[in-house]
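One file, coords10.cif, is given below (mmCIF, C-alpha atoms).
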```
data_protein
loop_
_atom_site.label_atom_id
_atom_site.label_comp_id
_atom_site.auth_asym_id
_atom_site.auth_seq_id
_atom_site.Cartn_x
_atom_site.Cartn_y
_atom_site.Cartn_z
CA MET A 152 78.89 -65.64 104.72
CA ILE A 153 79.13 -66.57 101.09
CA ASP A 154 78.90 -70.09 99.77
CA THR A 155 82.34 -70.82 98.32
CA THR A 156 80.90 -73.54 96.07
CA VAL A 157 78.63 -70.95 94.46
CA LEU A 158 81.57 -68.56 94.21
CA ARG A 159 83.65 -71.18 92.37
CA GLU A 160 80.67 -71.82 90.09
CA ASN A 161 80.48 -68.08 89.37
CA ILE A 162 84.18 -67.99 88.52
CA ALA A 163 83.83 -71.07 86.30
CA SER A 164 80.80 -69.58 84.58
CA PHE A 165 82.61 -66.30 83.87
CA LEU A 166 85.63 -68.14 82.51
CA ARG A 167 83.45 -70.62 80.61
CA GLN A 168 85.37 -73.49 82.17
CA PRO A 169 84.13 -76.59 83.99
CA VAL A 170 83.97 -75.94 87.73
CA ALA A 171 86.25 -78.96 88.31
CA LYS A 172 89.04 -76.99 86.65
CA ILE A 173 88.66 -74.08 89.07
CA THR A 174 90.84 -75.58 91.79
CA ASP A 175 92.43 -73.57 94.60
CA GLU A 176 95.92 -74.04 93.19
CA ARG A 177 95.13 -72.72 89.70
CA LEU A 178 96.93 -69.49 88.93
CA LEU A 179 94.55 -66.72 87.85
CA SER A 180 97.09 -65.69 85.23
CA ASP A 181 96.69 -69.14 83.62
CA LEU A 182 92.90 -68.93 83.63
CA VAL A 183 92.60 -65.33 82.45
CA THR A 184 94.68 -64.55 79.42
CA GLN A 185 93.91 -60.83 79.15
CA SER A 186 94.39 -58.43 82.06
CA PHE A 187 91.13 -56.57 81.43
CA MET A 188 89.25 -59.87 81.53
CA LEU A 189 90.40 -60.31 85.13
CA VAL A 190 89.15 -56.79 85.90
CA GLU A 191 85.76 -57.71 84.43
CA MET A 192 85.59 -60.88 86.49
CA ILE A 193 86.52 -59.14 89.74
CA ILE A 194 83.90 -56.41 89.16
CA GLU A 195 81.26 -58.96 88.18
CA LEU A 196 81.87 -60.97 91.36
CA GLN A 197 81.58 -57.81 93.48
CA GLU A 198 78.34 -56.82 91.79
CA GLU A 199 76.97 -60.33 92.19
CA LEU A 200 77.91 -60.65 95.86
CA GLY A 201 77.33 -57.03 96.89
CA ILE A 202 80.84 -56.55 98.27
CA ARG A 203 83.62 -54.02 97.61
CA LEU A 204 87.27 -54.99 97.20
CA VAL A 205 90.16 -52.54 97.54
CA GLN A 206 93.74 -52.63 96.23
CA GLU A 207 95.05 -53.99 99.52
CA ASP A 208 92.76 -57.03 99.26
CA LEU A 209 94.14 -58.12 95.91
CA LYS A 210 97.78 -57.23 96.46
CA ASP A 211 98.91 -60.82 97.05
CA VAL A 212 96.20 -62.69 95.17
CA ARG A 213 97.75 -65.12 92.69
CA THR A 214 95.54 -68.22 92.72
CA VAL A 215 91.83 -69.09 92.73
CA GLY A 216 92.17 -70.08 96.39
CA ASP A 217 93.66 -66.67 97.26
CA LEU A 218 90.76 -64.92 95.53
CA VAL A 219 88.12 -67.09 97.21
CA ARG A 220 89.65 -66.41 100.65
CA VAL A 221 89.76 -62.64 100.05
CA ILE A 222 86.12 -62.57 98.95
CA GLU A 223 85.10 -64.75 101.89
CA ARG A 224 86.87 -62.37 104.27
CA ARG A 225 85.26 -59.29 102.70
CA SER A 226 81.78 -60.76 102.72
CA ALA A 227 82.11 -61.61 106.40
CA LYS A 228 82.77 -57.93 107.29
CA MET B 35 95.62 -41.29 50.20
CA LEU B 36 96.94 -42.89 53.35
CA ASP B 37 100.50 -44.05 53.65
CA GLU B 38 101.67 -46.91 55.87
CA ASN B 39 102.28 -44.77 58.98
CA GLU B 40 98.96 -42.94 58.81
CA LEU B 41 97.16 -46.21 58.28
CA TRP B 42 98.86 -47.65 61.34
CA VAL B 43 97.97 -44.64 63.54
CA LEU B 44 94.29 -44.63 62.46
CA SER B 45 94.13 -48.41 62.89
CA PHE B 46 95.63 -48.04 66.37
CA TYR B 47 92.87 -45.54 67.27
CA ARG B 48 90.32 -47.98 65.86
CA THR B 49 91.67 -50.92 67.89
CA SER B 50 91.62 -48.86 71.10
CA GLU B 51 87.98 -47.89 70.43
CA ILE B 52 87.05 -51.56 69.87
CA SER B 53 88.82 -52.59 73.09
CA GLY B 54 86.97 -49.86 75.01
CA ALA B 55 83.62 -50.92 73.57
CA LEU B 56 84.17 -54.57 74.46
CA PHE B 57 85.40 -53.81 77.97
CA PHE B 58 82.46 -51.55 78.83
CA GLY B 59 80.03 -53.83 77.04
CA ASN B 60 81.02 -56.78 79.21
CA LEU B 61 81.07 -54.66 82.33
CA ALA B 62 77.63 -53.17 81.66
CA LYS B 63 76.23 -56.67 81.27
CA SER B 64 77.42 -57.67 84.75
CA MET B 65 76.24 -54.50 86.51
CA LYS B 66 73.04 -53.90 88.38
CA PRO B 67 70.58 -51.58 86.57
CA GLY B 68 71.01 -47.93 87.52
CA SER B 69 72.41 -44.65 86.23
CA ILE B 70 75.99 -45.95 85.93
CA GLN B 71 74.90 -48.96 83.92
CA ARG B 72 72.66 -46.75 81.76
CA ASP B 73 75.49 -44.34 80.91
CA MET B 74 78.02 -47.11 80.50
CA THR B 75 75.71 -48.67 77.91
CA LYS B 76 75.73 -45.47 75.85
CA HIS B 77 79.48 -45.20 76.39
CA PHE B 78 80.25 -48.61 74.90
CA SER B 79 77.84 -47.98 72.06
CA ASP B 80 79.71 -44.71 71.30
CA GLU B 81 83.07 -46.48 71.36
CA ALA B 82 81.79 -49.11 68.94
CA MET B 83 80.54 -46.31 66.66
CA HIS B 84 83.94 -44.64 66.85
CA ALA B 85 85.57 -47.82 65.64
CA TRP B 86 83.05 -47.79 62.78
CA HIS B 87 83.91 -44.14 62.00
CA TRP B 88 87.60 -45.05 61.80
CA SER B 89 86.91 -48.05 59.57
CA SER B 90 84.79 -45.84 57.29
CA CYS B 91 87.36 -43.06 57.25
CA ILE B 92 90.15 -45.48 56.34
CA GLU B 93 88.01 -47.01 53.57
CA LYS B 94 87.12 -43.57 52.17
CA LEU B 95 90.83 -42.95 51.93
CA GLY B 96 91.23 -46.08 49.84
CA ALA B 97 92.66 -48.46 52.43
CA GLN B 98 91.62 -51.24 54.81
CA ALA B 99 92.18 -51.00 58.57
CA LEU B 100 95.07 -53.04 59.94
CA LYS B 101 94.36 -55.80 62.44
CA LEU B 102 96.41 -54.76 65.45
CA THR B 103 96.65 -56.89 68.57
CA GLU B 104 97.46 -54.31 71.24
CA ALA B 105 95.38 -51.32 72.26
CA TYR B 106 96.63 -48.29 74.19
CA GLN B 107 94.72 -49.17 77.34
CA ASP B 108 96.18 -52.71 77.50
CA GLN B 109 99.34 -51.23 78.99
CA TYR B 110 97.54 -49.49 81.86
CA VAL B 111 97.28 -52.57 84.06
CA ALA B 112 101.02 -53.18 83.86
CA ALA B 113 101.76 -49.55 84.68
CA ALA B 114 99.21 -48.83 87.42
CA GLY B 115 98.02 -52.18 88.69
CA MET B 116 94.62 -53.63 88.05
CA PRO B 117 91.55 -51.51 88.86
CA VAL B 118 89.86 -53.57 91.56
CA ASN B 119 86.42 -52.00 91.94
CA LEU B 120 83.97 -49.90 89.98
CA MET B 121 85.31 -46.62 91.33
CA GLU B 122 88.80 -47.53 90.12
CA VAL B 123 87.44 -48.57 86.72
CA LEU B 124 85.73 -45.18 86.38
CA ALA B 125 88.86 -43.36 87.58
CA ILE B 126 91.02 -45.09 84.97
CA THR B 127 88.31 -44.34 82.38
CA GLN B 128 88.34 -40.66 83.28
CA VAL B 129 92.12 -40.48 82.84
CA PHE B 130 91.98 -42.48 79.60
CA GLU B 131 89.19 -40.39 78.08
CA LYS B 132 91.11 -37.19 78.79
CA ARG B 133 94.15 -38.70 77.11
CA VAL B 134 92.07 -39.69 74.07
CA ILE B 135 90.51 -36.25 73.67
CA ASN B 136 93.93 -34.57 74.03
CA GLN B 137 95.51 -36.92 71.52
CA TYR B 138 92.66 -36.45 69.02
CA ALA B 139 92.82 -32.65 69.49
CA ARG B 140 96.60 -32.70 68.90
CA HIS B 141 96.14 -34.84 65.81
CA SER B 142 93.46 -32.53 64.41
CA ARG B 143 95.81 -29.53 64.78
CA ILE B 144 98.53 -31.06 62.60
CA PRO B 145 98.88 -28.68 59.64
CA GLY B 146 97.65 -30.13 56.36
CA ILE B 147 95.67 -32.96 57.97
CA LEU B 148 93.47 -34.91 55.55
CA GLN B 149 89.89 -33.59 55.57
CA GLU B 150 88.36 -37.04 56.17
CA VAL B 151 90.59 -37.58 59.19
CA LYS B 152 89.82 -34.11 60.57
CA GLU B 153 86.06 -34.70 60.24
CA THR B 154 86.28 -38.11 61.92
CA LEU B 155 88.29 -36.69 64.80
CA ALA B 156 85.73 -33.87 65.27
CA THR B 157 82.80 -36.32 65.28
CA ILE B 158 84.47 -38.55 67.87
CA MET B 159 85.66 -35.70 70.09
CA ALA B 160 82.07 -34.47 70.53
CA ASP B 161 81.19 -37.82 72.16
CA GLU B 162 84.36 -37.98 74.23
CA SER B 163 83.39 -34.77 76.07
CA TRP B 164 80.19 -36.44 77.24
CA HIS B 165 82.17 -39.50 78.36
CA ILE B 166 84.27 -37.31 80.64
CA GLU B 167 81.14 -35.60 82.00
CA TRP B 168 79.21 -38.73 82.93
CA VAL B 169 82.21 -40.42 84.51
CA GLN B 170 82.97 -37.28 86.53
CA ALA B 171 79.37 -37.18 87.77
CA ALA B 172 79.48 -40.88 88.68
CA LEU B 173 82.76 -40.46 90.58
CA LYS B 174 81.24 -37.51 92.47
CA GLU B 175 78.31 -39.71 93.42
CA MET B 176 80.72 -42.42 94.61
CA GLU B 177 82.33 -40.07 97.14
CA LYS B 178 79.66 -41.18 99.61
CA GLU B 179 80.79 -44.80 99.36
CA TYR B 180 84.55 -44.52 98.81
CA GLY B 181 85.39 -41.09 100.22
CA ALA B 182 86.60 -38.09 98.21
CA ASP B 183 90.24 -38.53 99.30
CA LEU B 184 90.50 -42.09 98.01
CA ILE B 185 89.02 -41.05 94.66
CA VAL B 186 91.52 -38.17 94.37
CA GLN B 187 94.41 -40.54 95.22
CA THR B 188 93.19 -43.13 92.72
CA LEU B 189 92.92 -40.54 89.94
CA LYS B 190 96.44 -39.39 90.76
CA ARG B 191 97.78 -42.96 90.58
CA PHE B 192 96.18 -43.56 87.20
CA ARG B 193 97.31 -40.16 85.86
CA GLN B 194 100.90 -41.07 86.68
CA ALA B 195 100.48 -44.44 84.98
CA ASP B 196 98.89 -42.79 81.94
CA GLU B 197 101.80 -40.39 81.58
CA GLU B 198 104.19 -43.34 81.72
CA VAL B 199 102.18 -45.32 79.13
CA TYR B 200 101.82 -42.28 76.85
CA GLN B 201 105.54 -41.50 76.89
CA LYS B 202 106.34 -45.17 76.23
CA THR B 203 103.85 -45.32 73.35
CA ILE B 204 105.16 -42.10 71.80
CA LYS B 205 108.74 -43.37 72.12
CA GLU B 206 107.89 -46.74 70.58
CA HIS B 207 106.08 -45.14 67.67
CA GLU B 208 108.08 -41.91 67.41
CA ALA B 209 109.03 -42.56 63.81
CA ARG B 210 105.39 -42.97 62.76
CA VAL B 211 104.26 -39.83 64.60
CA LEU B 212 107.09 -37.71 63.23
CA HIS B 213 106.49 -39.04 59.74
CA LEU B 214 102.81 -38.13 60.04
CA THR B 215 103.63 -34.56 61.06
CA ASP B 216 106.20 -34.19 58.30
CA ARG B 217 103.88 -35.63 55.66
CA TYR B 218 101.01 -33.32 56.55
CA ARG B 219 103.37 -30.35 56.58
CA ALA B 220 104.50 -31.30 53.11
CA GLY B 221 100.86 -31.30 51.96
CA GLY B 222 100.51 -35.06 51.83
CA LYS B 223 103.15 -35.40 49.10
CA LYS B 224 105.79 -37.36 51.02
#
```
For this file, write the structure as structure tokens.
Amino acid sequence: MIDTTVLRENIASFLRQPVAKITDERLLSDLVTQSFMLVEMIIELQEELGIRLVQEDLKDVRTVGDLVRVIERRSAK
Amino acid sequence: MLDENELWVLSFYRTSEISGALFFGNLAKSMKPGSIQRDMTKHFSDEAMHAWHWSSCIEKLGAQALKLTEAYQDQYVAAAGMPVNLMEVLAITQVFEKRVINQYARHSRIPGILQEVKETLATIMADESWHIEWVQAALKEMEKEYGADLIVQTLKRFRQADEEVYQKTIKEHEARVLHLTDRYRAGGKK
């Protein structure tokens, strides 16, 4: 299982934002202004955590909390 | 000399090359060392050089590149959805690189094209062929992890999106493209 605190720290580090701002409710579209920046972040997290996400996983991801849950689920498989 | 439409088209190429370099540069930094990271590093270095070639070409023709905000590939995500893993990133890259090489080849065939532009296109196209080759080899290697069928489906999805984006771009900038063709046909006198 992954440590979700570390995951949030990774997201904060990528976005160069304080981890306190990376709350579950935050919309990813508010945090990431360019679409390709979100791609970079998703790939970086997968490389870091050694997991693979597929389209289905991210279909309904809108917030930080959604993303954390999807990654948690994938890393448990 | 470049007119306003030609300057815009060459600046658009330049912006797309810069966007490609930055995207792959950031991605290469986050990847684990290996053959994909190695080739991606050369890829982003090539794209940065291409932007330099366009800047130089524009300057040789007595102008300064325009600062454009949107690159061609920015529209891909809206059309095809976000690539969510490395295989999808390489698939979209493969489709994009083929589009670039086709567009550059079409441009270089326009009768009466300026010599500086023709030479720049030829220089860049030589690199683009290698980009297609390394990405193809990497996708082949990824068949073990993702399965050949999924890779084929993903390429198909991005090809459809690319066609949509290309048609939209051509439509949006039809006047510039037609003007370019007409100007070259008239021997650069228009």
Measuring atom to atom with all atoms listed in the file, identify which of A:Leu200, A:Glu191, A:Val212, A:Glu223 is nearest to chain B.
-> A:Glu191
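Minimum distance to Val221 in chain A across A:Ser186, A:Thr156, A:Gln197, A:Ser164 (counting all atoms listed in the file) occurs at A:Gln197.
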Mind listing as a count of residues only which residues of chain B are within 12 Å of chain A, counting all atoms listed in the file?
-> 43
Ground truth for the PyMOL selection byres ((chain B and resi 151) around 10), written as a ChimeraX atom specification | /B:40,44,87-88,91-92,94-95,141-142,147-150,152-157
One decimal, Å: what's the distance from CA of Ile153 in chain A over to CA of Ile222 in chain A, could you say?
-> 8.3 Å
Which residues match the PyMOL selection byres ((chain B and resi 99-101) around 6) in the file above, as JSON, numbers by chain?
-> {"B": [45, 98, 102]}
What is the distance, in Å and to one decimal place, between CA of Glu93 in chain B and CA of Val43 in chain B?
-> 14.3 Å
Coordinates-based distance that separates CA of Phe46 in chain B from CA of His213 in chain B (Å, one decimal) = 15.6 Å
Using all atoms listed in the file, the residue out of B:Leu173, B:Ala209, B:Ala160, B:Val134 with shortest distance to Tyr47 in chain B is B:Val134
What's the 12 Å shell around Lys174 in chain B, counting all atoms listed in the file, without same-chain residues fewer than 2 positions away, as a ChimeraX atom specification?
-> /B:70,121,124-125,167-172,176-186
Could you turn the residues from that selection into a file that holds C-alpha atoms, as a compact mmCIF listing (two decimals), in the coordinates of the input?
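File part.txt, as written:
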```txt
# COMPACT_ATOMS: atom_id res chain seq x y z
CA ILE B 70 75.99 -45.95 85.93
CA MET B 121 85.31 -46.62 91.33
CA LEU B 124 85.73 -45.18 86.38
CA ALA B 125 88.86 -43.36 87.58
CA GLU B 167 81.14 -35.60 82.00
CA TRP B 168 79.21 -38.73 82.93
CA VAL B 169 82.21 -40.42 84.51
CA GLN B 170 82.97 -37.28 86.53
CA ALA B 171 79.37 -37.18 87.77
CA ALA B 172 79.48 -40.88 88.68
CA MET B 176 80.72 -42.42 94.61
CA GLU B 177 82.33 -40.07 97.14
CA LYS B 178 79.66 -41.18 99.61
CA GLU B 179 80.79 -44.80 99.36
CA TYR B 180 84.55 -44.52 98.81
CA GLY B 181 85.39 -41.09 100.22
CA ALA B 182 86.60 -38.09 98.21
CA ASP B 183 90.24 -38.53 99.30
CA LEU B 184 90.50 -42.09 98.01
CA ILE B 185 89.02 -41.05 94.66
CA VAL B 186 91.52 -38.17 94.37
```
Expected residue set, 7 Å radius at (89.8, -70.7, 91.4), all atoms listed in the file, as a list in words = Arg159, Ile162, Ile173, Thr174, Asp175, Arg177, Thr214, Val215 and Gly216 of chain A
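Taking all atoms listed in the file into account, Arg133 in chain B lies nearest to B:Arg193 out of the set B:Lys202, B:His77, B:Arg48, B:Arg193.
Matched in the shown structure by the PyMOL selection byres ((chain A and resi 152) around 10): Ile153, Asp154, Thr155, Ile222, Glu223, Arg224, Arg225, Ser226, Ala227 and Lys228 of chain A.
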What's the 6 Å shell around range 80-83 of chain B, counting all atoms listed in the file, without same-chain residues fewer than 3 positions away, as a PyMOL selection string?
-> chain B and resi 51-52+55+77+86
